[in-house]
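Engineer: Take a look at the following structure, please.
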Amino acid sequence: MFLSNHAAVGALLTVHTDNPASAFVLGYFSHYLLDMIPHGDEKVGTWMKEKHTNLRSAGVLMADLSITAIFFLSLSWKIDFPHPYVVAAGVFGAMLPDFLYGFYDLIRKYLSPEKKKHYREKGGWLIKLAKRTLWDNFLLERHFYIHRKIHFALGYNISFPRGMIFQAVLLGFLYWSTLNYLSV
Ligand SMILES: [Zn+2]
């Protein structure tokens with residue numbers, strides 16, 4: 001699912017809270033639920049991987065973030081957000097899983113094939129966990145696979161054109177909802 005839709009859901013969920021930490025957590029978990037809905041953009045990932053991966057990924061990311069920026073700028077001209085920092089925390093939480101996913105996808109080709117050797121080193125579980133986290137990106141790796149597993153949990157895909165229409169309609173609906181429910 002595109003970041004714009006995740007961000008919009010993260011913002012809308014802040015109607016339930018004025019606490020930035022809760023907004024962040026609500027936004028964060030909404031990401032995985034939203035990703036489970038078939039949304040037809042898997043082809044974009046395949047296209048990015050074919051060639052010029054970094055350039056294509058940067059292009060898609062810029063386009064996605066631009067739509068997100070236009071979404072919130074145009075909203076901010078129409079309404080006053082009751083708690084802008086809470087909205088920002090919700091939006092950030094809702095986008096974070098894809099940032100973690102993308103970041104790991106970007107760096108994993110540079111990771112050392114020697115990584116498993118740390119598991120055999122001395123030290124208690126805390127030391128080992130710290131080493132694995134810092135040097136082997138253990139947590140990022142786990143998150144990468146969990147995110148992907150959740151994404152394909154329902155095992156039902158829709159075509160790219162349908163997915164684009166669905167995501168555009170969803171974004172429109174989220175715009176309308178935010179306009180109506182999130183203003184002061
Ligand atoms: Zn995602």
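Simple scheme: letters A, B, ... for chains in structure tokens order, numbers from 1 for residues in each chain, numbers from 1 for ligands in the order shown.
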Got a sec: who's within 9 Å of Val44 (chain A), counting only C-alpha atoms, leaving out chain neighbours fewer than 5 positions off, as a PyMOL selection string?

Structural biologist: chain A and resi 49+60+160

Engineer: At a cut-off of 6 Å around ligand 1, and using only C-alpha atoms and all ligand atoms, what residues come up? Please write them as a PDB file with N, CA and C atoms, in the first residue's frame.

Structural biologist:
ATOM      1  N   ASP A  35      -2.112  -3.164   5.055  1.00  0.00           N
ATOM      2  CA  ASP A  35      -1.334  -3.921   4.071  1.00  0.00           C
ATOM      3  C   ASP A  35      -1.997  -5.256   3.714  1.00  0.00           C
ATOM      4  N   PRO A  97       6.727   1.163   9.323  1.00  0.00           N
ATOM      5  CA  PRO A  97       7.044  -0.203   8.872  1.00  0.00           C
ATOM      6  C   PRO A  97       7.607  -0.251   7.447  1.00  0.00           C
ATOM      7  N   ASP A  98       7.119   0.612   6.558  1.00  0.00           N
ATOM      8  CA  ASP A  98       7.662   0.602   5.198  1.00  0.00           C
ATOM      9  C   ASP A  98       9.053   1.217   5.131  1.00  0.00           C
TER      10      ASP A  98
END

Engineer: When distances are computed from only C-alpha atoms, which of A:Ala11, A:Ile37, A:Leu134, A:Leu55 shows the smallest separation from Ala153 (chain A)?

Structural biologist: A:Ile37

Engineer: Neighbouring residues of Leu34 (chain A) were defined as those with any atom within 10 Å, considering only C-alpha atoms; residues of the same chain fewer than 3 positions away were excluded. Please report them as a PyMOL selection string.

Structural biologist: chain A and resi 1+5-6+9+29-31+37-39+94+150-151

Engineer: Hey, what's within 12 Å of Lys122 (chain A) if we count only C-alpha atoms and toss same-chain stuff fewer than 6 positions away? As a VMD selection string, please?

Structural biologist: chain A and resid 128 to 129 131

Engineer: Filtering to N, CA and C atoms, could you give me those residues as a PDB file, in the first residue's frame?

Structural biologist:
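Once written, result23.pdb looks like this:
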ATOM      1  N   LYS A 128      24.556 -10.918  23.231  1.00  0.00           N
ATOM      2  CA  LYS A 128      24.366 -11.519  21.906  1.00  0.00           C
ATOM      3  C   LYS A 128      23.289 -10.765  21.114  1.00  0.00           C
ATOM      4  N   LEU A 129      22.190 -10.427  21.831  1.00  0.00           N
ATOM      5  CA  LEU A 129      21.109  -9.703  21.154  1.00  0.00           C
ATOM      6  C   LEU A 129      21.592  -8.346  20.658  1.00  0.00           C
ATOM      7  N   LYS A 131      24.672  -7.498  19.879  1.00  0.00           N
ATOM      8  CA  LYS A 131      25.559  -7.709  18.732  1.00  0.00           C
ATOM      9  C   LYS A 131      24.773  -8.009  17.469  1.00  0.00           C
TER      10      LYS A 131
END

Engineer: Taking only chain A into account, list the residues labelled helix (DSSP H, G or I) by DSSP (computed from the backbone), as a ChimeraX atom specification.

Structural biologist: /A:3-16,20-36,42-50,53-78,84-110,115-120,125-135,138-151,160-181

Engineer: One number please: CA of Gly124 (chain A) to CA of Asp136 (chain A), in Å, one decimal.

Structural biologist: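 Spanning CA of Gly124 (chain A) to CA of Asp136 (chain A) is a straight-line distance of 16.8 Å.
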
Engineer: Please provide as a PDB file with C-alpha atoms, in the first residue's frame all residues within 9 Å of Asn137 (chain A), with the sequence filter that same-chain residues fewer than 5 positions apart are discarded (counting only C-alpha atoms).

Structural biologist:
ATOM      1  CA  TYR A 104      16.648  -3.219   5.266  1.00  0.00           C
ATOM      2  CA  ARG A 108      20.971  -6.114   3.052  1.00  0.00           C
ATOM      3  CA  LEU A 111      25.644  -7.111   4.883  1.00  0.00           C
ATOM      4  CA  LYS A 131      25.559  -7.709  18.732  1.00  0.00           C
ATOM      5  CA  ARG A 132      22.990  -9.284  16.462  1.00  0.00           C
ATOM      6  CA  ARG A 142      12.889 -10.271  11.343  1.00  0.00           C
TER       7      ARG A 142
END

Engineer: So how many Å separate CA of Ala21 (chain A) and CA of Gly93 (chain A), to one decimal?

Structural biologist: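 We find that CA of Ala21 (chain A) and CA of Gly93 (chain A) lie 9.3 Å from each other.
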
Engineer: What does the distance from CA of Pro20 (chain A) to CA of Val87 (chain A) come to in Å, to one decimal?

Structural biologist: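 Atom-to-atom, CA of Pro20 (chain A) to CA of Val87 (chain A), that is 7.6 Å.
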